[in-house]
Each structure stands twice: as C-alpha cells, then as structure tokens.
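Participant: Okay, here's the structure, questions in a sec.
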Amino acid sequence: MIEVEIDGKKFQVEPGKMIIEVADQADIRIPRFCYHKKLSIAANCRMCLVDVEKSGKPLPACATPVTDGMIVRTHSAKAIDAQKSVMEFLLINHPLDCPICDQGGECELQDISMGYGKDVSRYNEGKRSVKDKSLGSLIGTDMTRCILCTRCVRFTEEIAGVQELGTLGRGETSEIGTCVERSLVSELSGNIIDLCPVGALTSKPFRFRARAWEMEQMPTIAPHDCIGSNIYTHILRQRVLRVAPRENEAINETWLSDRDRFSYEALNDDERLLQPMIKENGEWQVVNWPTALKRVAERLQQVIREKGADKIGALLSPTATLEEAHLLQKLIRQLGSHNIDHRLQQMDFSAQHSMPLYPGLHMSLESFEGQDTIVLIGSHISREQPIGAHRVRTAALQGSAIFAINPVDYPFRFPMKGKQIVKPSAMPQALAEVIKALLDNGVAAPAVEVNKLVQNVKPSEFAVELAKQLKQESKKIIILGAIAQNHMHAGTITYLANIIAKMTHAHVGFLTPGANGAGAWIVGAVPHRGINMKHLSNPGLDVQQMLQAKLAAYVLLNVEPDLDCANPQLANKAMVAADFVVAITPFFSHKVAAYAEVLLPSTPFTETSGTYINAEGKWQRFNGVVPAQGEARPAWKILRVLGNLLDLEHFDYQSSEEIHDEVNRIVAENQPSHTHTLHTPTTIPPIIEGIERLTEWPIYRADNIVRRAPALQAAVINEIPVARMPVTLANRLQLSADSRVAIKQDDCEVILPVELCDDMPDNTVYIPAGFGLTSDLSASFGALSLQRSDTHHVE
Amino acid sequence: MSIELNKICFRTLQMDKPWTLATYEQADGYKALKHILQNKVPAQDIVEQLKLSSLRGRGGAGFPTGLKWSFISPSTPAPKYVVCNADEGEPGTFKDRDILRFNPHQLLEGIIIACYVVGATDAYIYIRGEFYEPIERVAKALEEARAAGYLGKNILGSGFDCQIHFHVGAGAYICGEETALLESLEGKQGKPRFKPPFPANFGLYGRPTTINNVETFASVPVILNNGGNWFLELGKPNNGGYKIFSVSGHVNKPGNYEIPLGTPFSQLLELAGGMRDGKKLKAVIPGGSSAPVIPGDMMMDMTMDYDCISKSGSMLGSGAVIVMDDSTCMVKVLLRNAEFYHEESCGQCTPCREGTGWLERVLHRIEHGHGTAKDLELLTDVAMKMSGRTICVLADSIALPVVSFMKYYRPEFEYHIEHKRCMVD
C-alpha cells in the first residue's frame with residue numbers, strides 16, 4: 001500500500017491504480033469523457049487533467065498511476081485552468097443545439113460544461129459538421145455532436161469483440177464510422193448508447209420520446225435469458241419508454257444485451273390484451289373478470305368431471321415468474337393432474353430424473369474468468385445468452401481455452417482452442433469420442449458400462465485434443481446450451497456430458513432459455529417432480545406427451561404454442577382438438593384466439609412483482625414498475641383467484657411476497673441436490689444418414705415480448721424464416737441462393753427461401769423456429785425431406 | 001577560424017559512390033562492428049563510451065543516447081527491438097535524407113551495434129514514404145550487408161544474429177513521433193501513445209524497444225572507432241561531437257553542414273554563403289518549424305548547440321535552420337506553419353485537434369485582412385492552452401512558435417490587423 005493525497009485527503013491505495021480510480025472511490029469528482037472503468041485507457045479527451053505536485057504540466061488523472069507520497073489537486077487553479085481550456089476546445093466544434101438534442105438533460109458534455117464551460121464562445125469561425133452514419137434500427141446517430149472520445153470504438157473492439165467502429169480520417173476531420181458503411185452486428189451494440197457521453201449515438205426507438213428529467217427510473221430484472229441482467233426502466237406517464245443497464249458487477253457488469261434493452265417496445269404494443277375475453281359461438285366477447293374466471297373454473301371442473309383431472313395440462317413459459325409458476329403447478333396439482341411443463345422447446349426428456357434441483361450453472365458468472373477450460377456443447381451462446389457469451393469472452397481473453405461441439409461453426413467473438421462441427425445427430429457420437437479419448441488416455445471410467453458403450457468408438461483428432469486438455473488438473477466447465485437441451489437426444493447428450501465431467505472433475509452447467517427456467521424447476525413446474533424435487537408416485541406428462549395425448553383442456557401461461565413449442569404443428573393440432581383452452585397472456589394472438597375459449601389478460605414483467613432465479617441460482621425479486629395496463633392483472637393474482645373459485649387449499653395469498661416466501665421456506669427447509677445423477681446410456685444413437693433438421697429460436701424470436709419489439713425485428717441480426725444449408729447440399733439438390741425449397745414434415749409442407757452457407761456440416765438444414773411461416777412444421781430435430789419448389793418463385 | 005566539415009556522418013561524402021559497401025569498407029566501414037564482435041566487447045563498455053561522448057539524440061529531443069541504450073541490456077528478456085526513425089518530416093530538415101542517400105552503411109552499422117548492445121535480434125527502419133532515392137539506397141545497402149555477412153545469422157562467425165527490416169511510411173508527419181511510429185509499424189493508425197510507459201519498457205508490439213534517429217545511429221560507429229572522449233572534445237561539454245544543420249531559407253548556399261556543436265551561428269551563416277542578395281537577417285527558426293523563432297540579431301550572438309539555443313527559449317531540435325531576411329512577412333510564416341500542424345494533427349487529443357484548426361483560422365483571417373484587435377490575445381491564449389496538455393508534443397510544436405512570434409513580431413501582426421496588409425510588402 002502506498003499513500004497519496006488528493007485534495008488534502010490522504011488515502012492508502014494499491015500501487016498501480018490510476019489517480020481517477022482513487023478519486024472515484026473517494027467520491028472526488030474529476031470531469032472526464034474518454035475514461036470508462038470498463039474500457040482501456042485512451043487519455044485523449046484531456047478533460048481529467050489534474051495538478052500533480054512536482055509535475056510541471058497538468059497530468060491526465062485517467063492515465064497517471066499513483067505513486068507513494070503523490071500530492072494531487074483536482075481543483076487548484078492550475079487544474080481548473082486546464083480543465084476549462086479543454087472544455088472550451090471541446091465546445092468550439094460542438095453544435096450548441098441542446099434543445100433539440102436527444103441527449104439533453106443526461107449529457108455528460110452538457111453537465112460538465114455547466115461547471116467548466118463559458119457562457120460565450122470565443123470561437124467565431126465555421127464549425128465542423130459530420131455526415132451521419134447508418135447503424136441500423138437500434139442506434140441513431142448525429143455524428144456532428146461526436147467529441148471523438150472513442151468509447152464506442154473501444155467498446156466494440158474490447159468488449160463486443162468485433163471491430164465494427166473506428167476513427168476514420170485524422171485531425172479535425174476525424175470521424176467515427178463503420179469501415180464499410182454497414183450496421184452493427186453485435187448482440188451488445190446498444191451499450192454504445194450509454195457509453196456515448198454526448199448525443200452522437202442515441203437510442204433510435206426512444207429518441208425524441210421524452211426528456212430524461214421527465215422520466216422516473218425504476219429497477220427491475222430483464223426477462224429474456226437466464227443471466228437475469230439488472231435493468232432500469234425509464235417511465236413517463238405509466239409507460240416504459242426506455243431500458244438501461246443497472247450496474248451489477250456480478251451479473252451484467254455495466255452492460256446489457258440489445259434484446260434486454262429494446263424489448264420494452266412490445267410492452268406498449270397494440271396487441272396487448274387489455275380485457276378478459278370469452279368466445280361465445282365463435283365470437284369473442286369482452287367480459288369482466290368474475291365472468292371470465294368463473295367460466296374457466298366451471299370448464300375445468302367439467303373436464304375433471306367428464307374426462308378426469310389427468311386430461312388437464314398446463315404449459316407455461318420459462319419467462320413466468322417464480323410466483324406464477326408456483327401457483328400454476330399448485331393449482332394443476334390440487335386439481336389432480338401432474339401435467340405441467342415449461343420446457344416448451346425441448347423434445348427429449350429422458351434425462352429429467354437425473355437432473356439436480358434445476359439445470360443451471362450452479363456457479364457464478366464471475367467465476368467463468370479463471371476457468372482453464374470452457375467446453376460449449378450445442379450452444380450458440382452469443383445469441384442465446386449474450387451476456388454469458390461476453391463472460392466467456394472475458395475468460396478467453398484471460399487465457400481460458402474454449403472448445404465447442406456444435407452443429408454450426410458460429411462466428412463467436414472469442415478465440416477458440418478447438419471445435420468440432422458435426423450434424424446435430426452426430427453430437428452424441430462426438431461426445432462419446434471424447435469419452436473414448438479420455439479412456440485411451442488412461443482416465444478411469446466412472447462405471448464399467450462406459451467402457452462398453454464406447455468400445456467401438458474411434459476418437460477424432462478434436463476428441464483427442466480435448467481429452468488431453470480436460471485430463472489436466474485444472475478448473476473446467478462444460479456448458480450445455482439450447483441446442484443440446486432441445487436436441488432429440490438431449491438425454492443422451494446430458495448423460496455423456498456428465499460422464500465426461502465425472503471423469504475429468506469438470507463442472508457441468510446449463511444455460512436455459514427464459515429468465516426463470518431455474519425457478520420453474522424449483523417449484524415443480526415439471527411433470528415428474530413436485531416443488532423442491534418432491535418425489536411423485538405417478539408423474540405427469542411432459543410437454544411433448546401432453547401434445548401427443550391430445551388432452552381435453554390446456555391452461556396456457558404466457559405461451560404461444562405455435563411459436564414457442566418444439567413441435568408447433570403437433571401443438572396446434574392438440575390445441576385445436578381440445579375441449580377447452582384458456583390462455584393467460586399479455587398479448588392477443590390470432591393463432592391462439594382460434595382455439596382458445598377464454599383469454600385472460602396478464603401483465604408482463606414490468607407490471608407485476610415477482611422473482612426470477614438466474615442460471616447461477618440467484619433469486620432476484622423485483623417490483624412492478626408501472627401499473628397494469630387496461631384490465632390486465634398479474635398472473636399470480638389471476639391464479640390465486642382461480643384457486644379460490646376452484647375451492648383449492650392455501651390460495652389466500654395477499655401478495656406475491658407471500659408466495660415467494662412460501663417457496664423460499666420449502667427450499668430452505670430441505671436443501672436438495674445440486675449435482676446430476678450419473679447414468680450411462682445403453683447405446684449411442686445412430687447418426688442420421690440423410691438430410692436432417694437443425695432448429696434454433698433466433699435471438700429476437702425467443703419469446704412473446706421480443707417477437708413484438710419492432711426495432712429488434714428490424715435489427716440486422718434478426719433472422720428471417722429460411723432454409724439455411726451448406727453449399728454442398730444445395731448443389732446436390734440443384735438449389736441456388738434464389739431458389740425456394742419445399743420442406744415436408746408429417747402432413748404439412750412449407751415453402752422457404754434457400755440461404756446458402758459454409759459453416760454447417762453437409763446434409764444439415766437449419767430452419768428457425770418462432771416464425772409463423774415455420775410453425776406448420778413439426779419436430780425441431782430429426783430427418784427431413786425437402787425438394788426444390790418450382791411452383792413458387794420470388795417476385 | 002576555419003571549420004573542418006563533415007567528420008562524422010558525412011565523412012565519406014567526397015569519396016566515389018560513398019553509398020556502396022566497397023567504399024564504406026575502404027573508409028574503416030564495419031570496423032567498429034568487427035572489433036566488437038571479435039573481442040566480444042561488453043555492451044556496458046559501449047554504453048560507457050557513448051555516455052562519455054555526450055552524444056544526444058539527433059531527432060529533436062536531444063536525449064542522451066548512452067543513457068537511452070542503458071535502459072535495455074542483453075539480459076532483458078526477448079523479444080525486444082531496435083527501431084530506426086527515418087521518417088524525417090520536420091519542415092526544414094533534410095539531413096537524414098542525405099545520410100540515407102550517401103552513407104547508408106554507417107547507419108546500418110550503428111543499428112547492428114545497437115542490437116548488440118540491447119541484445120535484440122531484429123531491428124526496423126521506418127523510412128519516410130517520399131524518400132524514393134534513399135529507399136532504394138538503403139534497400140541496396142541492406143542487400144549488400146546481408147551478402148557480406150554483416151546481417152543475418154551468426155554475423156562474422158560471432159554467433160550474434162541480427163536482421164534489419166525495412167518499412168516505408170505513408171507520409172504522415174506524426175509518424176515521426178516515436179510512439180506513433182511504433183503504432184504505424186504495428187499496422188495501426190499513427191497515433192502517439194500516452195507515456196509512460198516509454199518504449200524502453202513498452203515499445204514495438206509491447207516489447208522493450210530502443211528507438212533512435214538516423215543521425216544518432218550513424219554517429220555511433222565513428223564514436224566507437226575514435227573513442228567517446230574524442231567525440232566529446234569535437235564539440236563542447238554536454239553537447240558532444242558534430243551535428244548536421246540543414247540550412248534553408250534566404251541564404252546563398254542552402255544545404256547540409258556537419259559542424260561541431262558550439263559553432264557560432266554567424267559561422268554557420270558564413271558557411272551557407274551568407275544572406276541572399278545581401279539582405280538583412282530578420283529571423284531564424286533554429287531547430288525545425290516546431291522551434292520558437294529567434295530574431296536575427298539575437299541569433300548572431302548565439303552558438304549552435306543544445307544548451308545555448310535552449311537558453312534563448314527555443315530549441316536545437318532536428319537542426320533545421322530556417323533563415324529569413326527582412327522581406328519576410330512573419331504573419332505569413334506563422335500561418336504557413338499553422339496550416340501544416342492543423343493538417344498533420346492526428347486528432348486524438350482535444351486541445352490539438354481543435355486548437356490547431358482554431359489557430360490556423362484566426363491567422364488566416366489576420367493574414368487576409370479580417371483580423372480584429374482581440375485576435376492577438378486570443379492566439380496567445382489558445383496556444384498557451386494547447387501547450388503541455390496533450391499526449392505528444394505536436395500541439396506544442398505550433399503553440400510555442402505562436403507564442404514566440406507574438407513575443408518578437410507582435411507589431412507586424414498589429415499592422416496587418418490595422419492596415420489589412422503586410423508591413424513588408
């Protein structure tokens with residue numbers, strides 16, 4: 001420790017720290033523009049010049065390391081003179097158009113100029129103007145306002161990992177721009193809006209909607225991924241007009257994914273369902289809440305009476321809160337059914353009994369850094385969990401070796417040590433090869449069956465390399481992503497990954513879709529377990545079985561089956577065939593309206609209190625930030641009243657806290673297992689010989705909110721429904737980039753445009769889920785037949 | 001007193017094709033290197049001779065070379081680099097160009113010795129893109145040196161390896177600033193780095209790097225052949241040896257003059273043939289365009305060495321002596337300078353990016369008869385606010401001249417403002 005003095009106060013600090021860091025910790029404000037604690041030091045704006053004793057010149061506080069006995073004055077005449085002069089230079093070419101600038105009121109330049117600027121400019125020459133850049137649907141530009149601090153440039157290079165922005169030109173004619181005038185493709189691009197200290201980069205969907213001082217800032221949690229990013233909502237007249245990151249070093253640091261930042265637009269969407277509705281003789285009628293709820297209770301009781309309780313099924317989204325999931329499972333189970341599931345995108349549940357309390361990371365996101373090896377299995381992590389990908393990138397930059405077994409050679413923004421790109425159906429085989437390579441390396445099998453399982457497997461070069469890496473005594477984690485979980489052999493993949501982990505003392509983690517997959521598991525929103533892993537003597541049906549079984553009644557909580565389920569064709573058929581479907585949903589969907597009998601308007605995450613449990617296992621409670629729109633009610637209240645109407649026990653909650661506390665108490669009383677049970681599959685599923693399907697839920701098609709966010713839908717990285725295939729396959733099928741192809745699954749055919757690529761294995765066709773156009777298709781994975789479609793041409 | 005010219009870098013100038021290896025070898029070329037390698041002279045001894053010689057960096061800053069070379073030793077972990085700054089761009093300076101043209105082998109010998117001293121196996125020459133003839137000469141010299149075994153693996157059987165790479169710049173003045181040069185050499189935009197860390201700790205590719213000017217490297221072999229003391233005594237204390245002065249402007253014989261440091265300016269002017277057309281000396285910029293101006297009569301009393309020029313408030317810089325007679329409009333001179341620095345600012349630091357353009361615009365107004373009385377205070381104030389507040393000294397390179405022009409020639413500026421025309425027309 002060394003001693004430094006700043007503005008007369010003495011501090012004991014670690015050597016190597018910069019003056020600005022010490023000052024910031026001590027709440028001594030030094031003006032700055034280019035400095036940002038998460039970015040490299042540029043020292044170019046010169047605003048933070050301070051007076052350091054024994055130095056003739058003022059020194060930049062951001063780039064001057066403290067030394068023992070250093071005496072710093074941040075407000076001496078010398079410091080102030082330097083700071084004021086820099087401010088004058090910054091302002092001479094800056095347009096003084098604060099009244100029409102969207103940054104006005106929350107502009108660092110404006111704020112600091114109040115303290116350091118002059119009323120009158122001495123600059124009487126012509127001012128610089130800069131042509132605006134087009135950066136896509138999310139970020140608006142007004143580059144004349146740019147003060148060239150280069151925070152945005154450093155962000156894209158250092159944090160996002162894509163060199164998308166740069167300083168072009170030099171001197172006074174320097175400009176920030178993209179190298180070939182294209183949009184930003186990072187999933188984190190919106191962060192440059194926060195970083196920009198002036199109004200050069202602003203939020204396109206938000207700009208000109210409100211002034212910073214008019215809005216109220218309320219904290220909550222983002223609902224779209226299992227990271228659980230902390231956010232602030234900015235509210236005017238009871239509408240969320242903007243979302244910004246809320247700093248939480250342990251979770252999202254100071255960052256936010258574009259999905260979490262721009263999805264709020266959907267909250268004010270025209271499709272919001274604002275009143276309860278009942279379908280009478282095929283006509284939708286607006287009714288009051290008692291009528292709607294009474295109808296639901298009666299119809300459910302009728303189904304129980306006539307067909308049995310086990311003919312009722314409940315599907316919920318993993319974005320439902322802990323409280324909502326708990327009440328739904330409690331309701332369904334008290335009615336006498338265990339048919340409840342939130343794993344809508346999944347096809348194979350064979351490993352569900354070996355799961356711990358919930359599939360998650362069971363470790364902190366922060367501890368990604370310091371892992372020697374990270375293995376991604378079936379994970380398009382940058383699109384599934386953008387902040388998770390950022391954590392992996394940070395780890396990689398600090399020396400972690402990253403490996404991946406994936407069906408696509410995804411363009412990750414971190415260096416990879418090795419990758420195995422195989423057809424989806426070959427993923428179990430690829431894992432088996434790693435096990436075999438470990439055995440060949442002298443690692444003991446955790447069970448004798450393992451030897452037998454892989455005896456005929458021949459390890460690939462990749463498997464040998466990965467085995468060598470994993471064999472080392474070190475910290476390692478195997479992460480299973482959405483593709484692994486949604487895979488038709490997800491169970492086998494889970495088992496094999498656990499065998500590898502057991503053999504190498506690695507940690508296994510899942511990154512699940514939605515913000516609350518963990519919470520849904522914990523409360524027992526799964527058919528095979530009750531709350532807190534409670535054993536069930538007669539488990540219910542999983543989502544696929546529920547759809548296959550064509551139940552008599554379905555309760556949908558925040559679900560659009562045609563867009564959310566792994567087999568949308570089957571889901572649609574099941575819903576249409578049901579006697580009764582009730583949808584508790586914040587949005588009106590024509591598809592759902594076609595078969596539902598009752599629509600109950602629930603509130604999205606901003607209009608309810610609740611809890612999300614992220615992949616780490618962190619319980620994050622939040623309050624509603626705006627009142628419910630229209631007649632919409634928080635789903636926990638809807639379920640509570642429904643429980644009362646159905647005469648169910650212990651449904652007298654006065655607040656969501658009570659529900660939270662109930663779950664919390666049950667979990668705290670009996671701490672269940674956080675480890676997987678080891679299981680050896682009997683066979684390795686064969687690789688599909690011909691063409692097979694690969695499915696992902698594209699980043700902006702993941703749930704009912706993002707699907708309705710216009711700016712995200714217009715974003716460059718938003719996908720469109722296509723049949724994406726490698727050139728080799730297209731050539732064999734005589735398809736070209738402008739062809740269309742007929743995809744046939746079960747009894748439906750869909751015509752999709754062809755997109756060619758070179759990052760997928762042969763005989764693999766990627767078709768995204770979450771689109772109306774692809775919702776007539778069935779299984780997400782498995783053999784696929786397709787043929788050239790000559791009847792439909794692109795006009 | 002007559003001066004013996006051209007004893008160091010230009011010592012082979014009178015010989016036939018002095019740029020060839022054969023000529024250089026006739027003139028004791030590579031003798032110092034051979035001696036060092038054959039006798040395995042400790043690096044420390046070479047550094048001591050350089051310290052004794054009082055050789056100071058010839059690029060402009062005048063940093064003691066022996067001290068700089070002592071920062072990195074053969075035991076410093078590799079990789080480490082030696083870089084030669086041949087991006088001569090300071091307006092008025094054309095000395096390195098002639099070393100590169102006429103004595104490239106002496107430069108190479110100096111670089112190889114530097115590599116030996118710091119234990120580097122790779123050196124880079126970053127050469128100015130407009131130097132067509134020098135580029136050819138140096139390329140040829142490198143070929144010759146490689147063929148003769150002065151470069152490459154196991155040089156002269158000593159076990160010492162050294163390779164010199166060659167990089168042609170693209171014409172930016174700022175790439176003559178050593179850290180901008182390193183950035184440019186790495187393939188990035190030529191923008192100076194914040195210092196510390198200095199190149200000796202964090203240089204090319206983040207590794208310890210010794211970077212010197214062409215003339216500095218080229219002086220080393222001669223110093224080592226004759227001893228540090230010999231060199232020191234050629235000049236004056238703290239200002240050892242000879243230095244090349246590029247004399248330009250209103251003299252009869254502009255050109256490069258390699259003379260002892262400490263030579264009176266009057267003698268240098270005489271060597272350059274005196275004032276053109278017998279006009280009166282008005283002003284001198286003694287060290288390249290970034291050096292503050294000195295009035296002619298003051299200059300006539302001064303000697304050409306670091307300490308004397310520095311005492312007068314200017315600097316010896318790169319040794320570019322720009323001589324102006326009494327027909328010169330000082331407003332125009334300063335405007336021309338300001339245009340240059342405005343054009344060449346890299347744009348990184350606010351005061352320089354914004355200030356250089358501001359200065360130029362105000363000067364442009366004054367020169368073209370649109371100046372106001374307030375402009376002169378403004379000029380000085382803006383210049384003072386640019387000075388010392390940026391990453392590199394480019395801002396100072398125009399700020400300090402502005403201050404000096406205001407100090408000595410303010411009436412000319414006032415005349416321009418008042419009469420909307422030039423005093424000397």
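So you can find residues: chains in the structure tokens are A, B, ... in the order shown, residues in each start at 1, and ligands are numbered from 1 in order.
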Against chain B, which residues of chain A fall within 6 Å? For each one I want the closest pair of atoms and the distance in Å (one decimal), counting only C-alpha atoms, rows by chain and increasing residue number, as a tab-separated table.
Facilitator:
```
residue	atom	partner	partner_atom	distance
A:Asn44	CA	B:Cys349	CA	4.4
A:Cys45	CA	B:Thr350	CA	5.3
A:Lys57	CA	B:Gly388	CA	5.8
A:Ser85	CA	B:Lys385	CA	5.9
A:Phe89	CA	B:Glu354	CA	5.7
A:Arg170	CA	B:Cys346	CA	5.0
A:Gly171	CA	B:Gly347	CA	3.4
A:Glu172	CA	B:Arg353	CA	5.2
```
Participant: Need to verify the contact set: Thr178 of chain A, 9 Å, only C-alpha atoms, exclusion of same-chain residues closer than 3 positions in sequence. Can you return it as a list of chain:residue names?
Facilitator: A:Lys133, A:Ser134, A:Leu135, A:Gln163, A:Glu164, A:Leu165, A:Gly166, A:Thr167, A:Leu168, A:Glu181, A:Arg182, A:Ser183, A:Leu184
Participant: If you count only C-alpha atoms, which residues fall within 12 Å of Glu143 of chain B, apart from same-chain ones fewer than 2 positions away, as a list in words?
Facilitator: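 Within the cut-off, the hits are Thr20, Leu21, Pro104, His105, Leu108, Glu136, Arg137, Val138, Ala139, Lys140, Ala141, Ala145, Arg146, Ala147, Ala148, Gly149, Tyr150, Leu151, Gly152, Gln163, Ile164, His165 and Phe166 of chain B.
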Participant: Could you name the residues that touch segment 279-289 of chain A at 9 Å or less, counting only C-alpha atoms, but leaving out those on the same chain fewer than 2 positions away, as a ChimeraX atom specification?
Facilitator: /A:275-277,291-294,593-594,596-600,631
Participant: Write the residues of the selection above to a file with C-alpha atoms, as a PDB file, in the first residue's frame.
Facilitator:
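So part_30.pdb came out as:
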```pdb
ATOM      1  CA  GLN A 275     -59.598  -7.104 -21.172  1.00  0.00           C
ATOM      2  CA  PRO A 276     -60.753 -10.631 -20.343  1.00  0.00           C
ATOM      3  CA  MET A 277     -62.492 -12.248 -23.304  1.00  0.00           C
ATOM      4  CA  THR A 291     -67.329 -13.843 -15.577  1.00  0.00           C
ATOM      5  CA  ALA A 292     -64.125 -14.920 -17.249  1.00  0.00           C
ATOM      6  CA  LEU A 293     -62.704 -16.630 -14.188  1.00  0.00           C
ATOM      7  CA  LYS A 294     -65.984 -18.309 -13.383  1.00  0.00           C
ATOM      8  CA  ALA A 593     -57.576 -16.980 -30.377  1.00  0.00           C
ATOM      9  CA  ALA A 594     -58.544 -19.564 -32.986  1.00  0.00           C
ATOM     10  CA  ALA A 596     -58.858 -20.678 -27.019  1.00  0.00           C
ATOM     11  CA  GLU A 597     -62.171 -20.218 -25.293  1.00  0.00           C
ATOM     12  CA  VAL A 598     -61.033 -17.755 -22.663  1.00  0.00           C
ATOM     13  CA  LEU A 599     -58.312 -15.133 -22.867  1.00  0.00           C
ATOM     14  CA  LEU A 600     -57.153 -13.712 -19.558  1.00  0.00           C
ATOM     15  CA  GLU A 631     -57.785  -4.693 -17.125  1.00  0.00           C
TER      16      GLU A 631
END
```
Participant: Mind listing the alpha helix (DSSP H) residues of segment 27-153 of chain B, per DSSP on the backbone, as a PyMOL selection string?
Facilitator: chain B and resi 31-39+43-53+65-70+95-102+104-118+132-147
Participant: For Gly643 of chain A, which residue out of A:Tyr264, A:Leu328, A:Ile477, A:Met18 is the nearest one, using only C-alpha atoms?
Facilitator: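 Nearest to Gly643 of chain A: A:Leu328.
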Participant: For atom CA of Arg633 of chain A and atom CA of Leu335 of chain A, quote the distance in Å rounded to one decimal.
Facilitator: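 Calculated distance between atom CA of Arg633 of chain A and atom CA of Leu335 of chain A is 22.6 Å.
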Participant: With distances taken over only C-alpha atoms, which residue among B:Ile99, B:Phe231, B:Ala283, B:Lys153 lies nearest Ile135 of chain B?
Facilitator: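 Of all the options, B:Ile99 lies closest to Ile135 of chain B.
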Participant: I'd like the neighbourhood of Ile417 of chain B as a short mmCIF file (atom, residue, chain, number, x, y, z; two decimals) with C-alpha atoms, in the first residue's frame, where a residue qualifies if any of its atoms comes within 8 Å (using only C-alpha atoms), though same-chain residues fewer than 5 positions away should be ignored.
Facilitator:
```
data_model
loop_
_atom_site.label_atom_id
_atom_site.label_comp_id
_atom_site.auth_asym_id
_atom_site.auth_seq_id
_atom_site.Cartn_x
_atom_site.Cartn_y
_atom_site.Cartn_z
CA ILE B 366 -5.34 38.24 -39.88
CA GLY B 369 -7.14 41.47 -43.55
CA HIS B 370 -10.02 40.29 -41.42
CA GLY B 371 -8.27 40.26 -38.08
CA THR B 372 -9.50 42.07 -35.03
CA ALA B 373 -7.63 43.62 -32.14
#
```
Participant: Do you have the atom CA of Lys476 of chain A-atom CA of Asn516 of chain A distance handy?
Facilitator: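 Atom CA of Asn516 of chain A lies 25.1 Å from atom CA of Lys476 of chain A.
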Participant: Could you give me, as a list in words, the residues within 10 Å of Ser312 of chain B, counting only C-alpha atoms and dropping anything in the same chain fewer than 6 positions from it?
Facilitator: Pro292, Val293, Ile294, Met298, Met299 and Met302 of chain B
